[in-house]
Amino acid sequence: MTEIRAYPDGPLLVRGQFDLLDENGDPIPAGRRTIALCRCGRSGIPPFCDGTHTLPIARPPKKPTSNT
(Lines give C-alpha, C1' and ligand atoms only; values in the text may rest on other atoms or scores of the structure.)
Protein backbone atom coordinates (compact mmCIF):
# COMPACT_ATOMS: atom_id res chain seq x y z
CA MET A 1 0.00 0.00 0.00
CA THR A 2 1.14 3.53 -0.76
CA GLU A 3 0.31 6.49 1.47
CA ILE A 4 0.67 10.11 0.39
CA ARG A 5 0.31 12.73 3.09
CA ALA A 6 0.29 16.50 2.48
CA TYR A 7 1.76 18.61 5.26
CA PRO A 8 0.60 22.22 5.63
CA ASP A 9 3.26 24.54 4.20
CA GLY A 10 5.48 21.49 3.71
CA PRO A 11 6.17 18.54 1.43
CA LEU A 12 4.16 15.59 0.23
CA LEU A 13 5.36 12.57 2.17
CA VAL A 14 5.15 9.35 0.13
CA ARG A 15 5.42 6.03 1.98
CA GLY A 16 5.25 2.47 0.68
CA GLN A 17 5.68 0.85 -2.72
CA PHE A 18 5.74 3.44 -5.54
CA ASP A 19 7.33 4.33 -8.86
CA LEU A 20 8.58 7.89 -9.22
CA LEU A 21 8.67 9.08 -12.85
CA ASP A 22 9.79 12.30 -14.52
CA GLU A 23 7.73 14.23 -17.09
CA ASN A 24 8.90 11.83 -19.84
CA GLY A 25 7.95 8.71 -17.91
CA ASP A 26 11.56 7.87 -17.08
CA PRO A 27 12.20 6.52 -13.56
CA ILE A 28 13.70 8.77 -10.90
CA PRO A 29 15.57 6.67 -8.30
CA ALA A 30 14.00 7.32 -4.92
CA GLY A 31 16.57 5.33 -2.96
CA ARG A 32 14.16 4.56 -0.10
CA ARG A 33 10.59 3.59 0.73
CA THR A 34 9.69 6.99 2.23
CA ILE A 35 10.38 10.25 0.39
CA ALA A 36 9.36 13.89 0.74
CA LEU A 37 8.37 15.66 -2.48
CA CYS A 38 8.78 19.43 -2.70
CA ARG A 39 5.66 21.57 -3.14
CA CYS A 40 7.17 25.04 -2.70
CA GLY A 41 9.38 24.89 -5.82
CA ARG A 42 12.48 26.20 -3.99
CA SER A 43 14.24 22.88 -3.32
CA GLY A 44 17.83 22.51 -4.46
CA ILE A 45 17.25 18.79 -5.12
CA PRO A 46 13.93 18.64 -7.01
CA PRO A 47 11.62 16.79 -6.98
CA PHE A 48 12.68 16.01 -3.40
CA CYS A 49 12.19 18.36 -0.44
CA ASP A 50 15.36 19.74 1.16
CA GLY A 51 13.63 21.81 3.85
CA THR A 52 14.01 25.11 1.99
CA HIS A 53 10.31 25.85 2.60
CA THR A 54 11.19 26.56 6.23
CA LEU A 55 13.48 29.46 5.30
CA PRO A 56 12.09 33.01 5.16
CA ILE A 57 11.21 34.31 1.72
CA ALA A 58 13.25 37.36 0.71
CA ARG A 59 10.88 40.18 -0.11
CA PRO A 60 11.78 43.56 -1.54
CA PRO A 61 11.64 46.41 0.99
CA LYS A 62 8.38 48.29 1.20
CA LYS A 63 8.28 51.65 -0.53
CA PRO A 64 7.48 54.56 1.75
CA THR A 65 3.96 55.86 1.37
CA SER A 66 3.32 59.55 1.15
CA ASN A 67 0.54 61.04 3.22
CA THR A 68 0.26 64.23 1.18
# chains A, B, ... in the order shown; residues from 1 in each chain; ligands from 1
$ residues_around --residues "A:Phe18" --least-positions-apart "3" --cutoff "12 Å" --atoms "only C-alpha atoms" --output "NGL selection string"
:A and (1-4 or 13-15 or 21 or 27-35)
$ select_by_dssp --residues "chain A" --states "strand (DSSP E or B)" --output "ChimeraX atom specification"
/A:2-6,12-16,21,27,34-37,48
$ write_last_selection --atoms "N, CA and C atoms" --output "PDB file, in the first residue's frame"
ATOM      1  N   THR A   2       0.447   2.251  -0.707  1.00  0.00           N
ATOM      2  CA  THR A   2       1.144   3.532  -0.761  1.00  0.00           C
ATOM      3  C   THR A   2       0.312   4.579  -0.030  1.00  0.00           C
ATOM      4  N   GLU A   3       0.982   5.389   0.770  1.00  0.00           N
ATOM      5  CA  GLU A   3       0.311   6.488   1.470  1.00  0.00           C
ATOM      6  C   GLU A   3       0.976   7.785   1.064  1.00  0.00           C
ATOM      7  N   ILE A   4       0.170   8.776   0.705  1.00  0.00           N
ATOM      8  CA  ILE A   4       0.672  10.115   0.386  1.00  0.00           C
ATOM      9  C   ILE A   4       0.008  11.080   1.349  1.00  0.00           C
ATOM     10  N   ARG A   5       0.839  11.801   2.096  1.00  0.00           N
ATOM     11  CA  ARG A   5       0.309  12.730   3.089  1.00  0.00           C
ATOM     12  C   ARG A   5       0.833  14.133   2.797  1.00  0.00           C
ATOM     13  N   ALA A   6      -0.077  15.095   2.718  1.00  0.00           N
ATOM     14  CA  ALA A   6       0.286  16.496   2.478  1.00  0.00           C
ATOM     15  C   ALA A   6       0.403  17.205   3.822  1.00  0.00           C
ATOM     16  N   LEU A  12       4.985  16.779   0.310  1.00  0.00           N
ATOM     17  CA  LEU A  12       4.156  15.589   0.228  1.00  0.00           C
ATOM     18  C   LEU A  12       5.035  14.433   0.677  1.00  0.00           C
ATOM     19  N   LEU A  13       4.607  13.716   1.689  1.00  0.00           N
ATOM     20  CA  LEU A  13       5.359  12.569   2.170  1.00  0.00           C
ATOM     21  C   LEU A  13       4.765  11.320   1.538  1.00  0.00           C
ATOM     22  N   VAL A  14       5.594  10.556   0.821  1.00  0.00           N
ATOM     23  CA  VAL A  14       5.152   9.350   0.127  1.00  0.00           C
ATOM     24  C   VAL A  14       5.792   8.163   0.828  1.00  0.00           C
ATOM     25  N   ARG A  15       4.936   7.221   1.276  1.00  0.00           N
ATOM     26  CA  ARG A  15       5.416   6.027   1.976  1.00  0.00           C
ATOM     27  C   ARG A  15       4.877   4.783   1.285  1.00  0.00           C
ATOM     28  N   GLY A  16       5.703   3.743   1.218  1.00  0.00           N
ATOM     29  CA  GLY A  16       5.248   2.466   0.683  1.00  0.00           C
ATOM     30  C   GLY A  16       5.893   2.132  -0.646  1.00  0.00           C
ATOM     31  N   LEU A  21       8.343   8.860 -11.437  1.00  0.00           N
ATOM     32  CA  LEU A  21       8.673   9.079 -12.846  1.00  0.00           C
ATOM     33  C   LEU A  21       8.797  10.563 -13.139  1.00  0.00           C
ATOM     34  N   PRO A  27      12.129   6.664 -15.027  1.00  0.00           N
ATOM     35  CA  PRO A  27      12.200   6.518 -13.563  1.00  0.00           C
ATOM     36  C   PRO A  27      13.196   7.477 -12.911  1.00  0.00           C
ATOM     37  N   THR A  34      10.385   5.769   1.814  1.00  0.00           N
ATOM     38  CA  THR A  34       9.695   6.990   2.234  1.00  0.00           C
ATOM     39  C   THR A  34      10.461   8.179   1.674  1.00  0.00           C
ATOM     40  N   ILE A  35       9.752   9.051   0.950  1.00  0.00           N
ATOM     41  CA  ILE A  35      10.381  10.251   0.390  1.00  0.00           C
ATOM     42  C   ILE A  35       9.493  11.458   0.659  1.00  0.00           C
ATOM     43  N   ALA A  36      10.093  12.637   0.623  1.00  0.00           N
ATOM     44  CA  ALA A  36       9.365  13.894   0.743  1.00  0.00           C
ATOM     45  C   ALA A  36       9.505  14.633  -0.583  1.00  0.00           C
ATOM     46  N   LEU A  37       8.382  14.948  -1.204  1.00  0.00           N
ATOM     47  CA  LEU A  37       8.370  15.657  -2.476  1.00  0.00           C
ATOM     48  C   LEU A  37       8.087  17.135  -2.238  1.00  0.00           C
ATOM     49  N   PHE A  48      12.677  16.297  -4.828  1.00  0.00           N
ATOM     50  CA  PHE A  48      12.675  16.012  -3.402  1.00  0.00           C
ATOM     51  C   PHE A  48      12.751  17.289  -2.566  1.00  0.00           C
TER      52      PHE A  48
END
$ atom_distance --atom1 "atom CA of A:Gln17" --atom2 "atom CA of A:Asp50"
21.6 Å
$ atom_distance --atom1 "atom CA of A:His53" --atom2 "atom CA of A:Cys40"
6.2 Å
$ decode --residues "stretch 28-63 of chain A" --atoms "N, CA, C and O atoms" --output "PDB file, in the first residue's frame"
ATOM      1  N   ILE A  28      12.817   7.972 -11.748  1.00  0.00           N
ATOM      2  CA  ILE A  28      13.702   8.766 -10.898  1.00  0.00           C
ATOM      3  C   ILE A  28      13.998   7.893  -9.681  1.00  0.00           C
ATOM      4  O   ILE A  28      13.067   7.499  -8.972  1.00  0.00           O
ATOM      5  N   PRO A  29      15.266   7.535  -9.453  1.00  0.00           N
ATOM      6  CA  PRO A  29      15.570   6.675  -8.304  1.00  0.00           C
ATOM      7  C   PRO A  29      15.244   7.375  -6.985  1.00  0.00           C
ATOM      8  O   PRO A  29      15.723   8.472  -6.717  1.00  0.00           O
ATOM      9  N   ALA A  30      14.384   6.752  -6.206  1.00  0.00           N
ATOM     10  CA  ALA A  30      14.000   7.321  -4.918  1.00  0.00           C
ATOM     11  C   ALA A  30      15.006   6.944  -3.844  1.00  0.00           C
ATOM     12  O   ALA A  30      15.264   7.727  -2.930  1.00  0.00           O
ATOM     13  N   GLY A  31      15.555   5.740  -3.915  1.00  0.00           N
ATOM     14  CA  GLY A  31      16.565   5.335  -2.963  1.00  0.00           C
ATOM     15  C   GLY A  31      16.051   4.888  -1.605  1.00  0.00           C
ATOM     16  O   GLY A  31      16.817   4.479  -0.757  1.00  0.00           O
ATOM     17  N   ARG A  32      14.745   4.983  -1.381  1.00  0.00           N
ATOM     18  CA  ARG A  32      14.162   4.562  -0.102  1.00  0.00           C
ATOM     19  C   ARG A  32      12.661   4.377  -0.251  1.00  0.00           C
ATOM     20  O   ARG A  32      12.085   4.765  -1.254  1.00  0.00           O
ATOM     21  N   ARG A  33      12.036   3.845   0.779  1.00  0.00           N
ATOM     22  CA  ARG A  33      10.587   3.588   0.735  1.00  0.00           C
ATOM     23  C   ARG A  33       9.755   4.780   1.217  1.00  0.00           C
ATOM     24  O   ARG A  33       8.544   4.799   1.058  1.00  0.00           O
ATOM     25  N   THR A  34      10.385   5.769   1.814  1.00  0.00           N
ATOM     26  CA  THR A  34       9.695   6.990   2.234  1.00  0.00           C
ATOM     27  C   THR A  34      10.461   8.179   1.674  1.00  0.00           C
ATOM     28  O   THR A  34      11.669   8.297   1.887  1.00  0.00           O
ATOM     29  N   ILE A  35       9.752   9.051   0.950  1.00  0.00           N
ATOM     30  CA  ILE A  35      10.381  10.251   0.390  1.00  0.00           C
ATOM     31  C   ILE A  35       9.493  11.458   0.659  1.00  0.00           C
ATOM     32  O   ILE A  35       8.295  11.326   0.902  1.00  0.00           O
ATOM     33  N   ALA A  36      10.093  12.637   0.623  1.00  0.00           N
ATOM     34  CA  ALA A  36       9.365  13.894   0.743  1.00  0.00           C
ATOM     35  C   ALA A  36       9.505  14.633  -0.583  1.00  0.00           C
ATOM     36  O   ALA A  36      10.617  14.883  -1.042  1.00  0.00           O
ATOM     37  N   LEU A  37       8.382  14.948  -1.204  1.00  0.00           N
ATOM     38  CA  LEU A  37       8.370  15.657  -2.476  1.00  0.00           C
ATOM     39  C   LEU A  37       8.087  17.135  -2.238  1.00  0.00           C
ATOM     40  O   LEU A  37       7.156  17.499  -1.518  1.00  0.00           O
ATOM     41  N   CYS A  38       8.899  17.983  -2.860  1.00  0.00           N
ATOM     42  CA  CYS A  38       8.785  19.431  -2.698  1.00  0.00           C
ATOM     43  C   CYS A  38       7.489  19.951  -3.312  1.00  0.00           C
ATOM     44  O   CYS A  38       7.103  19.554  -4.403  1.00  0.00           O
ATOM     45  N   ARG A  39       6.834  20.873  -2.599  1.00  0.00           N
ATOM     46  CA  ARG A  39       5.657  21.567  -3.140  1.00  0.00           C
ATOM     47  C   ARG A  39       5.891  23.062  -3.292  1.00  0.00           C
ATOM     48  O   ARG A  39       5.126  23.745  -3.955  1.00  0.00           O
ATOM     49  N   CYS A  40       6.962  23.588  -2.669  1.00  0.00           N
ATOM     50  CA  CYS A  40       7.175  25.039  -2.702  1.00  0.00           C
ATOM     51  C   CYS A  40       7.938  25.481  -3.950  1.00  0.00           C
ATOM     52  O   CYS A  40       7.922  26.652  -4.295  1.00  0.00           O
ATOM     53  N   GLY A  41       8.634  24.549  -4.614  1.00  0.00           N
ATOM     54  CA  GLY A  41       9.384  24.895  -5.820  1.00  0.00           C
ATOM     55  C   GLY A  41      10.752  25.494  -5.561  1.00  0.00           C
ATOM     56  O   GLY A  41      11.440  25.884  -6.491  1.00  0.00           O
ATOM     57  N   ARG A  42      11.183  25.577  -4.301  1.00  0.00           N
ATOM     58  CA  ARG A  42      12.482  26.203  -3.985  1.00  0.00           C
ATOM     59  C   ARG A  42      13.569  25.195  -3.633  1.00  0.00           C
ATOM     60  O   ARG A  42      14.679  25.583  -3.309  1.00  0.00           O
ATOM     61  N   SER A  43      13.269  23.897  -3.700  1.00  0.00           N
ATOM     62  CA  SER A  43      14.239  22.877  -3.319  1.00  0.00           C
ATOM     63  C   SER A  43      15.453  22.886  -4.237  1.00  0.00           C
ATOM     64  O   SER A  43      15.340  23.079  -5.442  1.00  0.00           O
ATOM     65  N   GLY A  44      16.608  22.622  -3.677  1.00  0.00           N
ATOM     66  CA  GLY A  44      17.832  22.506  -4.463  1.00  0.00           C
ATOM     67  C   GLY A  44      18.020  21.107  -5.032  1.00  0.00           C
ATOM     68  O   GLY A  44      18.941  20.877  -5.807  1.00  0.00           O
ATOM     69  N   ILE A  45      17.151  20.168  -4.647  1.00  0.00           N
ATOM     70  CA  ILE A  45      17.248  18.790  -5.124  1.00  0.00           C
ATOM     71  C   ILE A  45      15.898  18.282  -5.642  1.00  0.00           C
ATOM     72  O   ILE A  45      15.406  17.238  -5.225  1.00  0.00           O
ATOM     73  N   PRO A  46      15.259  19.042  -6.551  1.00  0.00           N
ATOM     74  CA  PRO A  46      13.932  18.639  -7.013  1.00  0.00           C
ATOM     75  C   PRO A  46      13.966  17.253  -7.651  1.00  0.00           C
ATOM     76  O   PRO A  46      14.984  16.891  -8.235  1.00  0.00           O
ATOM     77  N   PRO A  47      12.932  16.484  -7.536  1.00  0.00           N
ATOM     78  CA  PRO A  47      11.616  16.787  -6.975  1.00  0.00           C
ATOM     79  C   PRO A  47      11.537  16.591  -5.464  1.00  0.00           C
ATOM     80  O   PRO A  47      10.474  16.696  -4.879  1.00  0.00           O
ATOM     81  N   PHE A  48      12.677  16.297  -4.828  1.00  0.00           N
ATOM     82  CA  PHE A  48      12.675  16.012  -3.402  1.00  0.00           C
ATOM     83  C   PHE A  48      12.751  17.289  -2.566  1.00  0.00           C
ATOM     84  O   PHE A  48      13.334  18.282  -2.981  1.00  0.00           O
ATOM     85  N   CYS A  49      12.165  17.234  -1.376  1.00  0.00           N
ATOM     86  CA  CYS A  49      12.195  18.360  -0.443  1.00  0.00           C
ATOM     87  C   CYS A  49      13.540  18.395   0.270  1.00  0.00           C
ATOM     88  O   CYS A  49      14.052  17.364   0.693  1.00  0.00           O
ATOM     89  N   ASP A  50      14.115  19.586   0.393  1.00  0.00           N
ATOM     90  CA  ASP A  50      15.359  19.741   1.157  1.00  0.00           C
ATOM     91  C   ASP A  50      15.172  20.647   2.375  1.00  0.00           C
ATOM     92  O   ASP A  50      16.128  21.051   3.015  1.00  0.00           O
ATOM     93  N   GLY A  51      13.926  20.976   2.689  1.00  0.00           N
ATOM     94  CA  GLY A  51      13.633  21.813   3.850  1.00  0.00           C
ATOM     95  C   GLY A  51      13.673  23.300   3.577  1.00  0.00           C
ATOM     96  O   GLY A  51      13.469  24.102   4.486  1.00  0.00           O
ATOM     97  N   THR A  52      13.920  23.695   2.333  1.00  0.00           N
ATOM     98  CA  THR A  52      14.012  25.112   1.995  1.00  0.00           C
ATOM     99  C   THR A  52      12.729  25.873   2.333  1.00  0.00           C
ATOM    100  O   THR A  52      12.780  27.057   2.641  1.00  0.00           O
ATOM    101  N   HIS A  53      11.588  25.184   2.314  1.00  0.00           N
ATOM    102  CA  HIS A  53      10.313  25.849   2.602  1.00  0.00           C
ATOM    103  C   HIS A  53      10.277  26.449   4.007  1.00  0.00           C
ATOM    104  O   HIS A  53       9.454  27.313   4.276  1.00  0.00           O
ATOM    105  N   THR A  54      11.183  26.023   4.871  1.00  0.00           N
ATOM    106  CA  THR A  54      11.195  26.562   6.231  1.00  0.00           C
ATOM    107  C   THR A  54      11.962  27.871   6.338  1.00  0.00           C
ATOM    108  O   THR A  54      11.881  28.551   7.355  1.00  0.00           O
ATOM    109  N   LEU A  55      12.705  28.225   5.287  1.00  0.00           N
ATOM    110  CA  LEU A  55      13.483  29.463   5.305  1.00  0.00           C
ATOM    111  C   LEU A  55      12.600  30.653   4.958  1.00  0.00           C
ATOM    112  O   LEU A  55      11.645  30.523   4.184  1.00  0.00           O
ATOM    113  N   PRO A  56      12.897  31.824   5.499  1.00  0.00           N
ATOM    114  CA  PRO A  56      12.090  33.007   5.161  1.00  0.00           C
ATOM    115  C   PRO A  56      12.244  33.362   3.684  1.00  0.00           C
ATOM    116  O   PRO A  56      13.301  33.171   3.091  1.00  0.00           O
ATOM    117  N   ILE A  57      11.182  33.869   3.115  1.00  0.00           N
ATOM    118  CA  ILE A  57      11.208  34.306   1.720  1.00  0.00           C
ATOM    119  C   ILE A  57      11.713  35.745   1.682  1.00  0.00           C
ATOM    120  O   ILE A  57      11.203  36.609   2.397  1.00  0.00           O
ATOM    121  N   ALA A  58      12.723  35.993   0.856  1.00  0.00           N
ATOM    122  CA  ALA A  58      13.251  37.356   0.713  1.00  0.00           C
ATOM    123  C   ALA A  58      12.239  38.192  -0.056  1.00  0.00           C
ATOM    124  O   ALA A  58      11.832  37.840  -1.151  1.00  0.00           O
ATOM    125  N   ARG A  59      11.839  39.286   0.532  1.00  0.00           N
ATOM    126  CA  ARG A  59      10.884  40.180  -0.113  1.00  0.00           C
ATOM    127  C   ARG A  59      11.535  41.545  -0.273  1.00  0.00           C
ATOM    128  O   ARG A  59      12.305  41.967   0.587  1.00  0.00           O
ATOM    129  N   PRO A  60      11.209  42.223  -1.372  1.00  0.00           N
ATOM    130  CA  PRO A  60      11.781  43.564  -1.541  1.00  0.00           C
ATOM    131  C   PRO A  60      11.274  44.501  -0.446  1.00  0.00           C
ATOM    132  O   PRO A  60      10.175  44.320   0.062  1.00  0.00           O
ATOM    133  N   PRO A  61      12.082  45.481  -0.059  1.00  0.00           N
ATOM    134  CA  PRO A  61      11.642  46.408   0.994  1.00  0.00           C
ATOM    135  C   PRO A  61      10.417  47.190   0.528  1.00  0.00           C
ATOM    136  O   PRO A  61      10.240  47.458  -0.646  1.00  0.00           O
ATOM    137  N   LYS A  62       9.596  47.513   1.508  1.00  0.00           N
ATOM    138  CA  LYS A  62       8.384  48.287   1.196  1.00  0.00           C
ATOM    139  C   LYS A  62       8.771  49.713   0.829  1.00  0.00           C
ATOM    140  O   LYS A  62       9.670  50.307   1.413  1.00  0.00           O
ATOM    141  N   LYS A  63       8.047  50.265  -0.147  1.00  0.00           N
ATOM    142  CA  LYS A  63       8.277  51.653  -0.530  1.00  0.00           C
ATOM    143  C   LYS A  63       7.538  52.536   0.458  1.00  0.00           C
ATOM    144  O   LYS A  63       6.437  52.232   0.884  1.00  0.00           O
TER     145      LYS A  63
END
